[in-house]
Structures are given as C-alpha cells and as structure tokens.
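See below for entry_28.pdb, which holds PDB, C-alpha atoms.
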ATOM      1  CA  MET A   1      16.971 118.373 117.669
ATOM      2  CA  ALA A   2      16.704 114.658 118.318
ATOM      3  CA  THR A   3      19.467 112.536 119.770
ATOM      4  CA  VAL A   4      19.511 109.079 118.254
ATOM      5  CA  ARG A   5      21.726 106.226 119.343
ATOM      6  CA  VAL A   6      22.700 103.465 116.961
ATOM      7  CA  TYR A   7      24.112 100.319 118.547
ATOM      8  CA  VAL A   8      26.116  98.177 116.145
ATOM      9  CA  THR A   9      27.063  94.678 117.261
ATOM     10  CA  LEU A  10      28.913  91.802 115.656
ATOM     11  CA  LYS A  11      26.576  88.944 114.748
ATOM     12  CA  PRO A  12      26.453  86.386 117.591
ATOM     13  CA  SER A  13      27.743  83.633 115.289
ATOM     14  CA  LEU A  14      31.036  85.465 114.697
ATOM     15  CA  LEU A  15      34.051  85.305 116.966
ATOM     16  CA  ASP A  16      34.746  88.689 118.586
ATOM     17  CA  SER A  17      38.478  88.328 119.190
ATOM     18  CA  ALA A  18      38.773  91.733 120.898
ATOM     19  CA  GLY A  19      35.890  90.890 123.230
ATOM     20  CA  ARG A  20      37.484  87.562 124.044
ATOM     21  CA  THR A  21      40.703  89.342 125.040
ATOM     22  CA  VAL A  22      38.826  91.740 127.300
ATOM     23  CA  ALA A  23      36.990  88.809 128.904
ATOM     24  CA  GLY A  24      40.327  87.130 129.609
ATOM     25  CA  ALA A  25      41.621  90.291 131.292
ATOM     26  CA  LEU A  26      38.477  90.613 133.425
ATOM     27  CA  ARG A  27      38.852  87.006 134.563
ATOM     28  CA  ASN A  28      42.461  87.734 135.459
ATOM     29  CA  LEU A  29      41.090  90.501 137.687
ATOM     30  CA  GLY A  30      39.012  87.946 139.554
ATOM     31  CA  PHE A  31      35.645  88.255 137.822
ATOM     32  CA  ASP A  32      35.141  84.521 137.618
ATOM     33  CA  GLU A  33      31.421  84.891 136.927
ATOM     34  CA  LEU A  34      32.135  86.348 133.488
ATOM     35  CA  LYS A  35      31.086  84.026 130.705
ATOM     36  CA  GLU A  36      31.587  86.248 127.695
ATOM     37  CA  ALA A  37      32.276  89.844 126.684
ATOM     38  CA  ARG A  38      31.444  91.253 123.280
ATOM     39  CA  ILE A  39      32.397  94.665 122.013
ATOM     40  CA  GLY A  40      30.130  96.746 119.809
ATOM     41  CA  LYS A  41      29.861 100.338 118.742
ATOM     42  CA  LEU A  42      27.643 103.145 119.913
ATOM     43  CA  ILE A  43      27.117 105.890 117.350
ATOM     44  CA  GLU A  44      25.303 108.962 118.601
ATOM     45  CA  LEU A  45      23.568 111.094 116.005
ATOM     46  CA  GLN A  46      21.928 114.515 116.221
ATOM     47  CA  VAL A  47      19.202 114.928 113.620
ATOM     48  CA  GLU A  48      16.546 117.470 112.818
ATOM     49  CA  PRO A  49      13.932 116.386 111.944
ATOM     50  CA  TYR A  50      14.101 112.799 113.140
ATOM     51  CA  SER A  51      12.790 110.009 110.963
ATOM     52  CA  GLU A  52      13.488 106.432 111.937
ATOM     53  CA  ASP A  53      13.401 105.392 108.286
ATOM     54  CA  ARG A  54      16.125 107.876 107.417
ATOM     55  CA  VAL A  55      18.341 106.679 110.272
ATOM     56  CA  LYS A  56      17.718 103.103 109.148
ATOM     57  CA  GLU A  57      18.887 104.131 105.720
ATOM     58  CA  MET A  58      22.073 105.565 107.267
ATOM     59  CA  CYS A  59      22.661 102.214 108.961
ATOM     60  CA  ASP A  60      22.037 100.197 105.813
ATOM     61  CA  LYS A  61      24.151 102.457 103.621
ATOM     62  CA  LEU A  62      27.164 102.936 105.878
ATOM     63  CA  LEU A  63      26.961 102.563 109.652
ATOM     64  CA  ALA A  64      26.534  98.771 109.745
ATOM     65  CA  ASN A  65      27.689  95.980 107.455
ATOM     66  CA  PRO A  66      24.862  93.427 107.148
ATOM     67  CA  VAL A  67      27.363  90.657 106.369
ATOM     68  CA  ILE A  68      28.813  90.794 109.876
ATOM     69  CA  GLU A  69      26.763  93.149 112.030
ATOM     70  CA  ASN A  70      23.343  93.823 113.508
ATOM     71  CA  TYR A  71      22.145  97.242 114.589
ATOM     72  CA  ARG A  72      19.523  98.738 116.869
ATOM     73  CA  ILE A  73      18.198 102.293 116.804
ATOM     74  CA  GLU A  74      17.194 104.111 119.962
ATOM     75  CA  ALA A  75      15.710 107.598 119.912
ATOM     76  CA  VAL A  76      16.839 109.217 123.163
ATOM     77  CA  SER A  77      15.170 112.615 122.957
ATOM     78  CA  ALA A  78      12.834 113.900 120.314
TER      79      ALA A  78
ATOM     80  CA  MET B   1      47.199  98.477  78.849
ATOM     81  CA  ARG B   2      46.823 101.342  81.261
ATOM     82  CA  ALA B   3      46.191 100.576  84.914
ATOM     83  CA  ALA B   4      44.847 102.926  87.575
ATOM     84  CA  VAL B   5      46.142 102.761  91.125
ATOM     85  CA  ILE B   6      43.391 104.316  93.238
ATOM     86  CA  ARG B   7      44.517 106.557  96.072
ATOM     87  CA  PHE B   8      42.331 107.052  99.114
ATOM     88  CA  PRO B   9      43.280 109.232 102.084
ATOM     89  CA  GLY B  10      45.347 106.746 104.098
ATOM     90  CA  SER B  11      46.420 104.466 101.258
ATOM     91  CA  ASN B  12      50.051 103.542 101.837
ATOM     92  CA  CYS B  13      50.828 100.747  99.372
ATOM     93  CA  ASP B  14      49.947 102.872  96.365
ATOM     94  CA  GLN B  15      53.583 103.467  95.433
ATOM     95  CA  ASP B  16      54.465  99.783  95.827
ATOM     96  CA  ALA B  17      51.619  98.932  93.453
ATOM     97  CA  TYR B  18      52.600 101.679  91.033
ATOM     98  CA  TYR B  19      56.235 100.602  90.731
ATOM     99  CA  ALA B  20      55.492  96.878  90.688
ATOM    100  CA  LEU B  21      53.153  97.398  87.723
ATOM    101  CA  LYS B  22      55.353  99.930  85.959
ATOM    102  CA  ASP B  23      58.817  98.447  86.436
ATOM    103  CA  ASP B  24      58.275  94.761  87.160
ATOM    104  CA  VAL B  25      55.175  93.978  85.094
ATOM    105  CA  GLY B  26      55.940  96.640  82.509
ATOM    106  CA  ILE B  27      52.640  98.390  81.840
ATOM    107  CA  ASP B  28      51.461 102.009  81.916
ATOM    108  CA  VAL B  29      50.211 103.078  85.330
ATOM    109  CA  GLU B  30      48.737 106.217  86.784
ATOM    110  CA  TYR B  31      47.461 107.257  90.184
ATOM    111  CA  VAL B  32      43.783 108.176  90.391
ATOM    112  CA  TRP B  33      42.408 110.149  93.330
ATOM    113  CA  HIS B  34      39.337 108.587  94.975
ATOM    114  CA  GLU B  35      37.206 111.665  94.354
ATOM    115  CA  SER B  36      37.530 111.269  90.622
ATOM    116  CA  ASP B  37      34.453 109.794  88.982
ATOM    117  CA  SER B  38      35.984 108.530  85.762
ATOM    118  CA  LEU B  39      38.285 105.709  84.691
ATOM    119  CA  LYS B  40      37.690 106.478  81.051
ATOM    120  CA  GLU B  41      41.329 106.261  79.998
ATOM    121  CA  PHE B  42      42.018 103.007  81.828
ATOM    122  CA  ASP B  43      41.784  99.265  81.273
ATOM    123  CA  ALA B  44      42.411  97.908  84.762
ATOM    124  CA  VAL B  45      42.312  98.922  88.437
ATOM    125  CA  PHE B  46      44.546  98.264  91.449
ATOM    126  CA  LEU B  47      43.061  99.082  94.867
ATOM    127  CA  PRO B  48      46.106  99.329  97.113
ATOM    128  CA  GLY B  49      46.668  98.502 100.757
ATOM    129  CA  GLY B  50      46.809 100.936 103.609
ATOM    130  CA  PHE B  51      44.428 102.379 106.145
ATOM    131  CA  SER B  52      41.917 104.323 104.087
ATOM    132  CA  TYR B  53      40.125 106.870 106.264
ATOM    133  CA  GLY B  54      42.125 105.617 109.223
ATOM    134  CA  ASP B  55      40.088 102.383 109.216
ATOM    135  CA  TYR B  56      37.355 104.402 110.967
ATOM    136  CA  LEU B  57      34.004 102.667 111.457
ATOM    137  CA  ARG B  58      35.155  99.518 109.606
ATOM    138  CA  CYS B  59      38.170  98.862 107.382
ATOM    139  CA  GLY B  60      37.330 100.026 103.876
ATOM    140  CA  ALA B  61      33.829 101.231 104.807
ATOM    141  CA  MET B  62      34.200 104.868 103.806
ATOM    142  CA  ALA B  63      36.491 104.154 100.854
ATOM    143  CA  SER B  64      33.953 101.749  99.414
ATOM    144  CA  ARG B  65      31.482 104.666  99.140
ATOM    145  CA  ALA B  66      33.946 107.030  97.391
ATOM    146  CA  PRO B  67      32.929 108.504  94.001
ATOM    147  CA  ILE B  68      35.503 106.421  92.089
ATOM    148  CA  MET B  69      33.892 103.195  93.311
ATOM    149  CA  ASN B  70      31.018 103.529  90.841
ATOM    150  CA  GLU B  71      33.598 103.220  88.093
ATOM    151  CA  VAL B  72      35.327 100.316  89.835
ATOM    152  CA  ARG B  73      31.941  98.605  90.037
ATOM    153  CA  ARG B  74      31.414  99.219  86.320
ATOM    154  CA  PHE B  75      34.856  97.698  85.594
ATOM    155  CA  ALA B  76      33.950  94.654  87.665
ATOM    156  CA  GLU B  77      30.674  94.217  85.794
ATOM    157  CA  GLU B  78      32.265  94.724  82.378
ATOM    158  CA  GLY B  79      34.789  91.976  83.027
ATOM    159  CA  ARG B  80      37.826  94.260  83.273
ATOM    160  CA  LEU B  81      40.688  93.534  85.646
ATOM    161  CA  VAL B  82      40.213  94.713  89.216
ATOM    162  CA  ILE B  83      42.530  93.704  92.046
ATOM    163  CA  GLY B  84      42.384  94.747  95.683
ATOM    164  CA  ALA B  85      45.216  93.811  98.027
ATOM    165  CA  CYS B  86      44.861  94.072 101.797
ATOM    166  CA  ASN B  87      42.870  97.267 102.406
ATOM    167  CA  GLY B  88      41.883  97.062  98.734
ATOM    168  CA  PHE B  89      40.336  93.643  99.452
ATOM    169  CA  GLN B  90      38.468  95.118 102.419
ATOM    170  CA  VAL B  91      37.190  97.909 100.176
ATOM    171  CA  LEU B  92      35.939  95.422  97.543
ATOM    172  CA  CYS B  93      34.083  93.423 100.222
ATOM    173  CA  GLU B  94      32.598  96.555 101.780
ATOM    174  CA  ALA B  95      31.463  97.653  98.329
ATOM    175  CA  GLY B  96      29.727  94.314  97.844
ATOM    176  CA  ILE B  97      31.794  93.640  94.713
ATOM    177  CA  LEU B  98      33.233  90.586  96.451
ATOM    178  CA  PRO B  99      31.349  88.470  99.011
ATOM    179  CA  GLY B 100      32.228  88.266 102.690
ATOM    180  CA  ALA B 101      33.990  90.571 105.140
ATOM    181  CA  LEU B 102      37.294  90.868 106.998
ATOM    182  CA  LEU B 103      37.426  90.951 110.780
ATOM    183  CA  LEU B 104      40.077  91.429 113.446
ATOM    184  CA  ASN B 105      42.633  88.602 113.320
ATOM    185  CA  GLU B 106      41.722  85.666 115.529
ATOM    186  CA  ARG B 107      44.679  86.275 117.821
ATOM    187  CA  GLN B 108      44.346  90.088 117.678
ATOM    188  CA  LYS B 109      47.932  90.729 116.634
ATOM    189  CA  PHE B 110      48.874  92.762 113.617
ATOM    190  CA  ILE B 111      50.799  90.223 111.550
ATOM    191  CA  CYS B 112      53.669  91.214 109.294
ATOM    192  CA  ALA B 113      55.166  88.056 107.796
ATOM    193  CA  ASP B 114      55.586  85.964 104.693
ATOM    194  CA  VAL B 115      52.803  83.441 104.115
ATOM    195  CA  HIS B 116      52.418  80.545 101.728
ATOM    196  CA  LEU B 117      49.483  80.455  99.368
ATOM    197  CA  ARG B 118      47.998  77.578  97.473
ATOM    198  CA  VAL B 119      46.221  78.447  94.271
ATOM    199  CA  GLU B 120      42.718  76.966  94.428
ATOM    200  CA  ASN B 121      41.369  78.151  91.086
ATOM    201  CA  ARG B 122      43.729  77.839  88.146
ATOM    202  CA  GLN B 123      41.252  79.005  85.551
ATOM    203  CA  SER B 124      40.979  82.683  86.374
ATOM    204  CA  VAL B 125      43.118  85.251  84.606
ATOM    205  CA  TRP B 126      44.764  86.024  87.969
ATOM    206  CA  THR B 127      45.819  82.477  88.716
ATOM    207  CA  ARG B 128      46.045  80.838  85.318
ATOM    208  CA  GLY B 129      48.468  77.947  85.288
ATOM    209  CA  VAL B 130      50.036  78.707  88.678
ATOM    210  CA  ASP B 131      50.669  75.227  90.051
ATOM    211  CA  ARG B 132      53.133  75.940  92.829
ATOM    212  CA  VAL B 133      52.922  77.383  96.318
ATOM    213  CA  LEU B 134      53.499  81.153  96.369
ATOM    214  CA  ARG B 135      55.379  82.970  99.119
ATOM    215  CA  ILE B 136      54.012  86.483  99.559
ATOM    216  CA  PRO B 137      54.014  88.853 102.547
ATOM    217  CA  ILE B 138      51.013  89.934 104.584
ATOM    218  CA  ALA B 139      50.765  92.971 106.867
ATOM    219  CA  HIS B 140      47.387  93.328 108.504
ATOM    220  CA  GLY B 141      45.464  93.404 111.758
ATOM    221  CA  GLU B 142      42.069  92.735 110.225
ATOM    222  CA  GLY B 143      42.326  89.959 107.693
ATOM    223  CA  ARG B 144      40.130  87.209 109.101
ATOM    224  CA  TYR B 145      37.862  86.374 106.208
ATOM    225  CA  VAL B 146      34.292  85.492 107.186
ATOM    226  CA  LEU B 147      31.238  84.476 105.222
ATOM    227  CA  ASP B 148      28.024  82.665 106.198
ATOM    228  CA  SER B 149      27.739  78.962 105.412
ATOM    229  CA  GLU B 150      25.422  79.510 102.467
ATOM    230  CA  GLY B 151      27.785  82.041 100.908
ATOM    231  CA  LEU B 152      30.736  79.787 101.600
ATOM    232  CA  LYS B 153      29.128  76.904  99.776
ATOM    233  CA  GLU B 154      28.439  79.111  96.781
ATOM    234  CA  LEU B 155      32.007  80.461  96.878
ATOM    235  CA  ASN B 156      33.425  76.939  96.773
ATOM    236  CA  ASP B 157      30.932  75.650  94.208
ATOM    237  CA  CYS B 158      31.618  78.524  91.828
ATOM    238  CA  GLY B 159      35.403  78.232  92.093
ATOM    239  CA  GLN B 160      35.673  81.656  93.676
ATOM    240  CA  VAL B 161      38.295  80.726  96.257
ATOM    241  CA  ALA B 162      41.523  82.000  94.705
ATOM    242  CA  PHE B 163      44.031  81.269  97.478
ATOM    243  CA  ARG B 164      44.258  79.500 100.811
ATOM    244  CA  TYR B 165      46.908  79.901 103.498
ATOM    245  CA  VAL B 166      48.978  76.710 103.583
ATOM    246  CA  THR B 167      52.297  75.401 104.875
ATOM    247  CA  ALA B 168      55.448  75.767 102.749
ATOM    248  CA  ALA B 169      54.732  72.267 101.482
ATOM    249  CA  GLY B 170      51.281  73.340 100.348
ATOM    250  CA  ASP B 171      49.211  71.632 103.031
ATOM    251  CA  LEU B 172      46.275  73.061 104.915
ATOM    252  CA  ASP B 173      47.088  73.364 108.597
ATOM    253  CA  PRO B 174      45.678  75.498 111.418
ATOM    254  CA  SER B 175      49.201  76.838 112.063
ATOM    255  CA  ALA B 176      49.364  78.204 108.509
ATOM    256  CA  ASN B 177      45.985  79.926 108.794
ATOM    257  CA  VAL B 178      47.628  82.942 110.421
ATOM    258  CA  ASN B 179      44.600  85.168 110.915
ATOM    259  CA  GLY B 180      41.926  82.530 111.504
ATOM    260  CA  SER B 181      40.129  82.985 108.183
ATOM    261  CA  ILE B 182      37.257  80.640 107.477
ATOM    262  CA  GLU B 183      38.547  77.613 105.558
ATOM    263  CA  SER B 184      41.967  79.335 105.428
ATOM    264  CA  ILE B 185      40.757  81.625 102.655
ATOM    265  CA  ALA B 186      43.347  84.258 101.683
ATOM    266  CA  GLY B 187      41.842  85.541  98.441
ATOM    267  CA  VAL B 188      38.562  85.395  96.547
ATOM    268  CA  LEU B 189      37.344  86.035  93.021
ATOM    269  CA  ASN B 190      34.041  87.335  91.736
ATOM    270  CA  LYS B 191      31.935  84.873  89.738
ATOM    271  CA  ARG B 192      33.355  86.009  86.441
ATOM    272  CA  GLY B 193      36.931  85.746  87.707
ATOM    273  CA  ASN B 194      38.051  89.235  86.670
ATOM    274  CA  VAL B 195      37.984  90.698  90.197
ATOM    275  CA  LEU B 196      40.483  89.435  92.767
ATOM    276  CA  GLY B 197      40.706  90.439  96.401
ATOM    277  CA  LEU B 198      43.413  89.099  98.681
ATOM    278  CA  MET B 199      45.015  89.973 102.006
ATOM    279  CA  PRO B 200      48.616  89.196 100.918
ATOM    280  CA  HIS B 201      50.573  91.845  99.021
ATOM    281  CA  PRO B 202      51.661  90.655  95.551
ATOM    282  CA  GLU B 203      53.057  94.134  94.882
ATOM    283  CA  ARG B 204      55.535  93.624  97.732
ATOM    284  CA  ALA B 205      56.817  90.437  96.118
ATOM    285  CA  SER B 206      57.476  91.638  92.607
ATOM    286  CA  ARG B 207      61.252  91.204  92.410
ATOM    287  CA  GLN B 208      63.991  89.195  94.071
ATOM    288  CA  LEU B 209      65.391  92.299  95.724
ATOM    289  CA  LEU B 210      62.225  92.389  97.841
ATOM    290  CA  GLY B 211      62.713  88.788  98.925
ATOM    291  CA  SER B 212      60.313  87.151  96.506
ATOM    292  CA  SER B 213      59.024  87.642  93.005
ATOM    293  CA  ASP B 214      56.101  85.266  93.478
ATOM    294  CA  GLY B 215      53.680  88.185  93.393
ATOM    295  CA  LEU B 216      54.415  88.522  89.700
ATOM    296  CA  GLU B 217      52.585  85.248  89.083
ATOM    297  CA  ILE B 218      49.425  87.122  90.059
ATOM    298  CA  LEU B 219      50.278  90.532  88.590
ATOM    299  CA  GLN B 220      51.107  88.803  85.320
ATOM    300  CA  ALA B 221      47.368  89.029  84.617
ATOM    301  CA  PHE B 222      47.874  92.662  83.567
ATOM    302  CA  LYS B 223      50.346  91.480  80.919
ATOM    303  CA  LEU B 224      48.071  88.668  79.751
ATOM    304  CA  VAL B 225      45.137  90.998  79.296
ATOM    305  CA  ALA B 226      47.351  93.653  77.694
ATOM    306  CA  ALA B 227      48.335  91.168  75.014
ATOM    307  CA  ASN B 228      44.674  90.732  74.103
ATOM    308  CA  LEU B 229      43.677  94.394  74.083
TER     309      LEU B 229
END
Conversion result in structure tokens:
Amino acid sequence: MATVRVYVTLKPSLLDSAGRTVAGALRNLGFDELKEARIGKLIELQVEPYSEDRVKEMCDKLLANPVIENYRIEAVSA
Amino acid sequence: MRAAVIRFPGSNCDQDAYYALKDDVGIDVEYVWHESDSLKEFDAVFLPGGFSYGDYLRCGAMASRAPIMNEVRRFAEEGRLVIGACNGFQVLCEAGILPGALLLNERQKFICADVHLRVENRQSVWTRGVDRVLRIPIAHGEGRYVLDSEGLKELNDCGQVAFRYVTAAGDLDPSANVNGSIESIAGVLNKRGNVLGLMPHPERASRQLLGSSDGLEILQAFKLVAANL
C-alpha cells in the first residue's frame, strides 16, 4: 500500500480571503514578521498499486480545479 | 414545456425553484434525482441552490460529476434552457459548462441580502428586453466570481456577462460588489446564451409576497421558450 499526499493550493494570483484573515489574527498575536498566509488542502490517499499517472488523473478529474488551483503530488511510502 | 429541477444531496432551494416555476411562471415541473441519467421527457433544466455534498472539496465539485450532468451538458450543447442559481452556478462552473469559478467572498462573511443587478446582455433569452435594475436576494459564502484575464476578455467580447452587481441606481460601485467578484460579475452566459449561471436567487423573488417579483424577469425565459415549442 502506498501513501500519497496531494497538496492543492489556490493559484498565487488569486486572493485567499481565508488566508488573509488568518494572517491578520497571527499579527494580532504579535507575529509581526508575517507577510502572508495562504491556506491549501492536503489530501492523503492510500493506493495499491501506486501509479503517479493515475493519481494525476484523480487530480485533473476531481481533486483540483485547474481554473483556480495548482496541485503537487508526493509519494510518502511505496 | 416541462422543466426538471435537479436534486443533489444537500440541495435546499429545490422547492423554491419548483414552486416558482410551477405557480409563478406557470409551467410543468418535476424533480429529478442526480443519479438519474436521463432528461428525455424534459425541455429545460434548473440547477438549484444549496450545499450539494456539503460543499466538500469545493462547492459544486462532486455534484458536477453526477450522472445527470452528462444530460445537462447535452442540453447546454443542444441550445436548451439551463439555469443554475447559487450552488447551481457553482456546479455549472465546476462542470466546465460555464467559464470561471466561485471563491470564498472577499470579506469571508456569508451574505444574505437583497442585491441590485444590472442586465449587461439584453439579447439572451434569459435577459431579453430587461432594461431596468433588478432587486434579487443572494445567500452565499462563496460567490466571488474569478476568471483569468484572457477568459475575462473573451467573456466581455462575446457578451457573456449577464449581470453585474450595481447600486440601486444602476451604477457600478465597489460597495455594491458585495462578494468581491471580478468586474462585479453576478451572472454569466455560455456563448450561445441558453445557459445562465448566477449567484442571486431569481426563484426567491418570484412574487410580491416574497418581497420582489423581479426574478420573474429572468424565469420568464421558460415561458418564452414554451411558446415556441
């Protein structure tokens, strides 16, 4: 069984209003060094057998929306 | 004219759509479960608002892959009427039937309020001849319309912007753009003009008792097409 992590992030050009709110709260807590916070998703998959192409297909067909998001696949254990 | 109101798990404006079409527009309507794969007996489709699949992953993501969506796509391609309001709009975008996507409102809040809409395209069957500002409610947390600059240019050039958020007087103003949509876009059409997606709820503004009947100006399209069937 392989554990595969898919990281889905909002494209850098788009405003992440939730991330902006979190950044504001962190600054209120005194973290003045914080320039920006952006929130993405981590989707952990268990597959057997593992094929990167198949996981890519999962991303393209459902897990990420290419209009607004980028994704990165990381195979943790094979 | 027989319209289908598609029901997904988590749809919650399906009854509003059903009764607005049945009682206020005056056409035949039936609910269709999302797992159905046929719209054989129908002429038009209403994708209602709500929180299909709990908005998991992305609003409308799972619903847009439901079996019934192949038929909705066929309707769109054949030039039949398809409307998606609120979550229905998100579903149409996720399905790639309409361009763009809807993100969390700029100021995070879920907004439940009346908005004013200016009709930008008066040629489509959905907006034909509507030359006044419409007052229709919205109720959404994720209605910020986004599209890349290339897509936006095409949208404008092809007359696919159906509505923009404006002031009561009909003017563009940042204060009227409640969710921070790009260029204040509230609703878009496909190229052919038979598919409309919008964040406001015309089905919640279908009679004076509800506070406004301006939604009928849009839903009137079902009547117009019915007359030509």
| request: Step by step, work through what the ChimeraX specification (/A :<8) & /B selects in the shown file, and finish by giving those residues as an MDAnalysis selection string. | output: chainID B and resid 57 61:62 94 100:101 104:108 147
Could you write out that same residue set with C-alpha atoms as a short mmCIF file (atom, residue, chain, number, x, y, z; two decimals), keeping the file's coordinate frame?
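Below you can see part.cif, which holds the result:
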data_model
loop_
_atom_site.label_atom_id
_atom_site.label_comp_id
_atom_site.auth_asym_id
_atom_site.auth_seq_id
_atom_site.Cartn_x
_atom_site.Cartn_y
_atom_site.Cartn_z
CA LEU B 57 34.00 102.67 111.46
CA ALA B 61 33.83 101.23 104.81
CA MET B 62 34.20 104.87 103.81
CA GLU B 94 32.60 96.56 101.78
CA GLY B 100 32.23 88.27 102.69
CA ALA B 101 33.99 90.57 105.14
CA LEU B 104 40.08 91.43 113.45
CA ASN B 105 42.63 88.60 113.32
CA GLU B 106 41.72 85.67 115.53
CA ARG B 107 44.68 86.28 117.82
CA GLN B 108 44.35 90.09 117.68
CA LEU B 147 31.24 84.48 105.22
#
| message | Need the shell around Glu142 in chain B: protein/DNA/RNA residues with any atom at most 10 Å away, counting all atoms listed in the file. Skip same-chain ones fewer than 3 positions apart. Format as an MDAnalysis selection string? | response | chainID B and resid 55 58:59 86:87 90 101:106 108:111 139 145 179 199
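Residues matched by the PyMOL selection byres ((chain A and resi 77) around 9) in this file are Met1, Ala2, Thr3, Val4, Ala75, Val76 and Ala78 of chain A.
Atom pair CA of Asp32 in chain A / CA of Lys11 in chain A: separated by 24.8 Å.
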| request: List the residues selected by the PyMOL selection byres ((chain B and resi 39) around 12) in the file shown, writing them as a ChimeraX atom specification. | output: /B:2-6,30-38,40-46,67-75,80
Residues just named, written with C-alpha atoms as an mmCIF file, keeping the file's coordinate frame:
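selection06.cif written:
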data_model
loop_
_atom_site.group_PDB
_atom_site.id
_atom_site.type_symbol
_atom_site.label_atom_id
_atom_site.label_comp_id
_atom_site.auth_asym_id
_atom_site.auth_seq_id
_atom_site.Cartn_x
_atom_site.Cartn_y
_atom_site.Cartn_z
ATOM 1 C CA ARG B 2 46.823 101.342 81.261
ATOM 2 C CA ALA B 3 46.191 100.576 84.914
ATOM 3 C CA ALA B 4 44.847 102.926 87.575
ATOM 4 C CA VAL B 5 46.142 102.761 91.125
ATOM 5 C CA ILE B 6 43.391 104.316 93.238
ATOM 6 C CA GLU B 30 48.737 106.217 86.784
ATOM 7 C CA TYR B 31 47.461 107.257 90.184
ATOM 8 C CA VAL B 32 43.783 108.176 90.391
ATOM 9 C CA TRP B 33 42.408 110.149 93.330
ATOM 10 C CA HIS B 34 39.337 108.587 94.975
ATOM 11 C CA GLU B 35 37.206 111.665 94.354
ATOM 12 C CA SER B 36 37.530 111.269 90.622
ATOM 13 C CA ASP B 37 34.453 109.794 88.982
ATOM 14 C CA SER B 38 35.984 108.530 85.762
ATOM 15 C CA LYS B 40 37.690 106.478 81.051
ATOM 16 C CA GLU B 41 41.329 106.261 79.998
ATOM 17 C CA PHE B 42 42.018 103.007 81.828
ATOM 18 C CA ASP B 43 41.784 99.265 81.273
ATOM 19 C CA ALA B 44 42.411 97.908 84.762
ATOM 20 C CA VAL B 45 42.312 98.922 88.437
ATOM 21 C CA PHE B 46 44.546 98.264 91.449
ATOM 22 C CA PRO B 67 32.929 108.504 94.001
ATOM 23 C CA ILE B 68 35.503 106.421 92.089
ATOM 24 C CA MET B 69 33.892 103.195 93.311
ATOM 25 C CA ASN B 70 31.018 103.529 90.841
ATOM 26 C CA GLU B 71 33.598 103.220 88.093
ATOM 27 C CA VAL B 72 35.327 100.316 89.835
ATOM 28 C CA ARG B 73 31.941 98.605 90.037
ATOM 29 C CA ARG B 74 31.414 99.219 86.320
ATOM 30 C CA PHE B 75 34.856 97.698 85.594
ATOM 31 C CA ARG B 80 37.826 94.260 83.273
#
Can you list every residue of range 58-158 of chain B that has an atom at most 12 Å from range 172-175 of chain B, with its nearest atom pair and the distance in Å to one decimal, using all atoms listed in the file, ordered by chain then number, as JSON lines?
{"residue": "B:Glu106", "atom": "CA", "partner": "B:Pro174", "partner_atom": "CA", "distance": 11.7}
{"residue": "B:Arg107", "atom": "CA", "partner": "B:Ser175", "partner_atom": "CA", "distance": 11.9}
{"residue": "B:Val115", "atom": "CA", "partner": "B:Ser175", "partner_atom": "CA", "distance": 10.9}
{"residue": "B:His116", "atom": "CA", "partner": "B:Leu172", "partner_atom": "CA", "distance": 10.2}
{"residue": "B:Leu117", "atom": "CA", "partner": "B:Leu172", "partner_atom": "CA", "distance": 9.8}
{"residue": "B:Arg118", "atom": "CA", "partner": "B:Leu172", "partner_atom": "CA", "distance": 8.9}
{"residue": "B:Val119", "atom": "CA", "partner": "B:Leu172", "partner_atom": "CA", "distance": 11.9}
{"residue": "B:Glu120", "atom": "CA", "partner": "B:Leu172", "partner_atom": "CA", "distance": 11.7}
{"residue": "B:Val133", "atom": "CA", "partner": "B:Leu172", "partner_atom": "CA", "distance": 11.7}
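Our summary of the geometry notes that CA of Asp24 in chain B is positioned 7.0 Å from CA of Arg207 in chain B.
Remark: for Val146 in chain B, the closest of the candidate residues B:Gly180, B:Gly159, B:Gly170, B:Pro48 is B:Gly180 (distances computed over all atoms listed in the file).
Close contacts of Val22 in chain A, defined as residues with an atom at most 10 Å away when counting all atoms listed in the file, with chain neighbours fewer than 4 positions off set aside, comprise Ser17, Ala18, Leu26, Arg27, Asn28, Glu36, Ala37, Arg38 and Ile39 of chain A.
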| message | At a cut-off of 10 Å around the point (41.2, 88.1, 96.8) (file coordinates), what residues fall inside when counting all atoms listed in the file? I'd like the answer as a PyMOL selection string. | response | chain B and resi 83-86+88-90+92-93+98+126+160-164+185-190+195-200
Assuming 4 Å of padding per side, give the centre and edge lengths of the axis-aligned box around every listed atom of range 10-16 of chain B, in Å to one decimal and as AutoDock Vina command-line options.
--center_x 49.9 --center_y 103.3 --center_z 99.8 --size_x 17.1 --size_y 15.0 --size_z 16.7
| query | Which residue out of B:Ile182, B:Ala63, B:Ile136, B:Leu81 has the minimum interatomic distance to Pro202 in chain B when only C-alpha atoms are used? | reply | B:Ile136
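Relative to CA of Ala176 in chain B, CA of Arg128 in chain B is found at 23.6 Å.
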